[in-house]
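A quick write-up on the structure given underneath.
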Amino acid sequence: MLRLRAFRPTNDKIVKIQVHPTHPWLVTADASDRVSVWNWEHRQVIYELKAGGVDERRLVGAKLEKLAEGESEPRGKPTEAMRGGSVKQVSFYDDDVCFWQLWRNRSAAAEAPSAVNNVTSAFSSPAPSTKGRHFLVICCENKAIFLDLVTMRGRDVPKHDLDNRSLLCMEFLSRPSSGDGPLVAFGGSDGVIRVLSMITWKLVRRYTGGHKGSIACLMTFMASSGEALLVSGGSDGLLVLWSADHSQDSRELVPKLSLKAHDGGVVAVELSRVSGGAPQLITIGADKTLAIWDTISFKELRRIKPVPKLACHSVASWCHPRAPNLDILTCVKDSHIWAIEHPTYSALTRPLCELSTLVPPQILASHKKLRVYCMVAHPLQPHLVATGSNVGIIVSEFDPRSLPAVAPLPTPAGSREHAAVYVIERELKLLHFQLSNTANPSLGSNGSLSEAARLRGDSIEQLNVKQIKKHISTPVPHDSYSVLSVSSSGKYLAIVWPDIPYFSIYKVSDWSIVDSGSARLLAWDTCRDRFALLESALPPRIPIIPKGSSSKKAKEAAAAAAQAAAAAASAASSASVQVRILLDDGTSNIFMRSVGTRSEPVIGLHGGALLGVAYRTSRRVSPVAATAISTIQSMPLSGFGSSGLSSFMTMDDGLSSYKSPAEAAPQNFQLYSWETFQPVGDFLPQPEWTAWDQTVEYCAFAYQQYIVISSLRPQFRYLGDVAIPHATGAVWHRRQLFVATPTTIECVFVDAGVAPIDIETRKRKEEMKLKEAQARAVAEHGELALITVDGPQTATQERITLRPPMLQVVRLASFQHASSVPPFLSLPKQAKVGGDESMMPKEIERKVNEVAVGGGGVSVAVTRFPSEQKRPVGPLIVVGVRDGVLWLIDRYMCAHAISLSHPGIRCRCLAAYGDAVSAVKWASRLGREHHDDLAQFMLGMGYATEALHLPGISKRLEFDLAMQSNDLKRALNCLLTMSNSRDIGQDAVGLDLNDILTLTDKKEVVVDAVQGVVKFAKEFLDLIDAADATAQVDIAREALKRLAAAGSVKGALRGHELRGLALRLANHGELTRLSNLVNNLITVGSGREAAFAAAVLGDNTLMEKAWQETGMLAEAVLHAHAHGRPTLRNLVQAWNKVLQKEKEHGPSTKTDATAAFLASLEEPKLTSLADAAKKPPIEILPPGMTSLYGPIPGQKKPGLPTQGAGLLQQPSKPLMLEAPASAPSSEASAPVATESDAPPPSESGAAPPSDSDAMPPSKSNDLGPSETEAPVSSEPQAPTPSESSAATTSEQNAPATDNQTTTSSSVSDLDPNATTGIVPAASTGGEATTEVPKMVQNSEGATIPNAAPMIDFS
């Protein structure tokens, strides 16, 4: 109920306090005249200054500023150097303060039945006067200080500018039409009110002849006749009325009316808005009384002494739904905030809360007692009350989640008039509201702010709300806090009075009572007319503590109260949840005696498609806390008995989850089925409220800092959460959730997307339908019905793409003013304070108007979303969308309409509602630059096809949408436009190497096109796949042509793209193009890709040619050997020659005669010592091939250190490559065992010189033996000839695998010159080479020893 929202300890007592309406700022002045501005939300001080004396920082700042502007030292003393004297009043002034002050005055005046038309009509906000600046205004005895909190520049107005009289109070006057700018009125010590212009800083006029003494307080208000009035209270006890309409030019104004209000002087005056009547004035005086005055006759309505023996120092009018009968808050110098009931009845005063229970105890220990010196209620958020005390600033919060006692009724089809039912003072009333284009003078305030922030250039007429209040003859038993709710059919209305506790169910057609009893909580089912309630025994009455009695009596009463509370707690814990159903004949029947088998006390019920029950977790169970939780509050706020106990308790009521974020919310919320009453799912943290969609597709659970949104079909699925803190209520409208928070109105657009489960469910449903149809057919026609004739099956299949869920939040309304021109745009010289209107640059003016005119005279919105509209004040009930506007009802039972007509919002609402076609039509009114944004939204909502019709979308997005909606022809056109490749790929344009080398001007287009195709290569491949999947061959061919043309340019496409292209060309039987591609690739030196393409083509000769001509001889040899090709011997010789050359270019070692002689002994053909120094030719052979040089039988050959990739051993036949030990492994190209028909690229120890860029290896379809046999690179083994044909076919039938590049890349890919893996040991000719085993990482990252065994097969 009540909690401490913010606390700032201070050393001195706080005597003046004021709160900003829209920003979380408080300005305070303490007893030693220090003024500080504090942000109570972030708990930080924004600004501090010593107003009473001379603030050195400001003095230095002012001097520096003057020097910077080139002014010479002034002759006189600067105003900053004057002593301020005691601070009399502190206040904020900016556009927001100005707007809300005017709004408050108008809405209070408009409540009167006699209010004239111009008061009640919707009013446009005053033109921005402060241009984005926020002034802090401090009224001191000797001067007034105007400080701009944005630029930190100030202006001091000394009292000698104001007739040299002390300034005691101030008030801002609503802005006149004259050029004086904002006006501020100061009350002087001589009883004269002086008005200062904040632009010229000159005295504009005086109000004289009203008071004999000094003036203590000033306030503006509006009479129901529409006249602006200024009221002043003086130390002579008079209340004087002046006209504040500035049409008269006279400099001296005389009072309209003067009346004696209080003996000893008036302390403060406040305006009170009365529902359905003229506004009233509340005054407090030094005579310890509070008086209430009527503003039409100016007669005294009532006078009371709120607290005996103490004079009030602050008063505020208050209207909070949790305490419907308390109207006025006041403070005296004790530790309470006092509340006064409706003056119409008892006018009893009761303590609203005891502040010392809120303040941290360690702070109170040092002071004897807490004393309040000033108090202010937040003008727009009535649940916040700020008090200044001797220990610091206390901002307390009173139950921000309680809502007005009103429930909207469903609108009958075809009717434009909507109704809501509400409770006020034991009466049930109906509110009828609808949009009207003419304002009716006799109605209450109609939507006065709904359209205040409408764009000035907007052509749409202002939303006027026409509303009528009707009385229902049925009386209501109680007048305390009530909660209203309507059943799903709209036939029944439930009212619960949780403080009593009591409930009644009314039948809406005749307002008869269908059911009633004792209950604190009640929740409806969204699908049928049944409800759950928490039955509870009546708690014992808590005894009343008489006022002013002795402390002994008070103690006894307190003990009795504690006893009663404990009894209430035990009664509460035994209450059970019961479900009742309302039948068509209007009777109520008990459906289920007790839901759930848990023993914990129930603290919350939430209705919906499932019944949610919240249990109290067993953490705090002091009896006092138990009552607070069990009755959800401690005292009935009205109805019976005033009590010395505070009405709002500071206990945690179990509903408020205000715990530190580190403390996880307890899992104490269980959902039950309405049909079986079995628990559904596990325990969840308890939400503050739940909202279920009428169609039972979505639900929202609100928590302190966020709202969790889930979809309910085909199964319960969490979609995400949106960070909307402190939400108070929400309503679903198809896929839109309209949320109200204490300061804003938000709209959340929701779509569940498409998840795998949805596709599965859809398939299952189709199968079930088919089975049902078959069963029906069998029943009708017997077994013969199952024989179906196979018609020609079309190959087109629908591709269902998965879509992630989408949540988008748009703020519709807030309290803040649409931010006007930021202050730094005006020129620095004039930026002192409040410049002139004419300074606004023209282009900014244009931007503010935000509407451009499109073709055909349609006005087009320039902005993506509308500027925020003004949120109605106080707690709101969200009615929902009717007639294309969002309806809200506030605590004064006034309906407000929030416009949804800005095309940016309207298109989204239509799409979310399911009408994507209208959304596209409306998009013509939205600036083209926002169409992409809207298209993305529609794609998220599942309307890719419709989004394609938006005229302003970019080509890139158009391609994505066309792919999503299977419009491949359009996707192809987009691709051709984006890549400029319309003109290439036709067979006429030959693109071979010569053309590229000799590019004429004509061919520059071709270069552009190739670059374009390369940029969108992935999109081209995706498009071809999509076209293949849906059998649209011509589209795939068109895309293939372009890709093939680009593929023939050297280095254009990357390796995996080329392989993908080759596979797709083969798949489409484009063999000519494919062989052209191979030849082109060979010419540009891409051996791997050329060989891959040739393999797909199945042409062995072409493969060999590809390898041979690009210098990849190792691959050529292995391939020829595996296939027994006749060219094998020539290839081996060529390869060995290349290796020999590389070897000979290596570093030469010096050979002395002895070494040469020793070496020659081992060689069979020794002719001379010179020959002995030469190495024998390098000879590396595939297994089973006889030596090229015919070795002598029986001669052992020298061994060889294994090459970079380790030995690739094939299980069937061992493979060994031999070479003399001295050939360094970094030079020799490693062998590659290949697939017989589709060899992958070489991943050799060193890339061959011709292939400059190392291409990423592609994972081929059938990998060979396990990774351990190929530690560094994962190449597949060569299959036996019998497998070869299978390999080829599988390659051709799987067009998509080529895009996946392997994760492993061999060492040589990273550094082609690195020696990989094994270091050969130096050895002499005859000895076998020693192996140096080394740990090498394989592609998975596991380390394996790489000592390959030597196999000799000479």
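Ligands are numbered from 1 in the order shown, chains are lettered A, B, ... in the order of the structure tokens, and residues start at 1 in each chain.
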request  = Write out as number ranges by chain which residues come within 8 Å of A:Phe7 when counting only C-alpha atoms, dropping same-chain ones fewer than 4 positions away.
outcome  = A: 40, 359, 392-395
inquiry  = Need to verify the contact set: A:Tyr943, 10 Å, only C-alpha atoms, exclusion of same-chain residues closer than 5 positions in sequence. Can you return it as a list in words?
reply    =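 Counting only the stated atoms, we get Ala911, Ala912, Gly914, Asp915, Ala916, Val917, Ala935, Gln936, Phe937, Met938, Leu948, Leu961, Gln964 and Ser965 of chain A.
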ask   = Distance atom CA of A:Gln816-atom CA of A:Ala730, one decimal place?
value = 21.1 Å
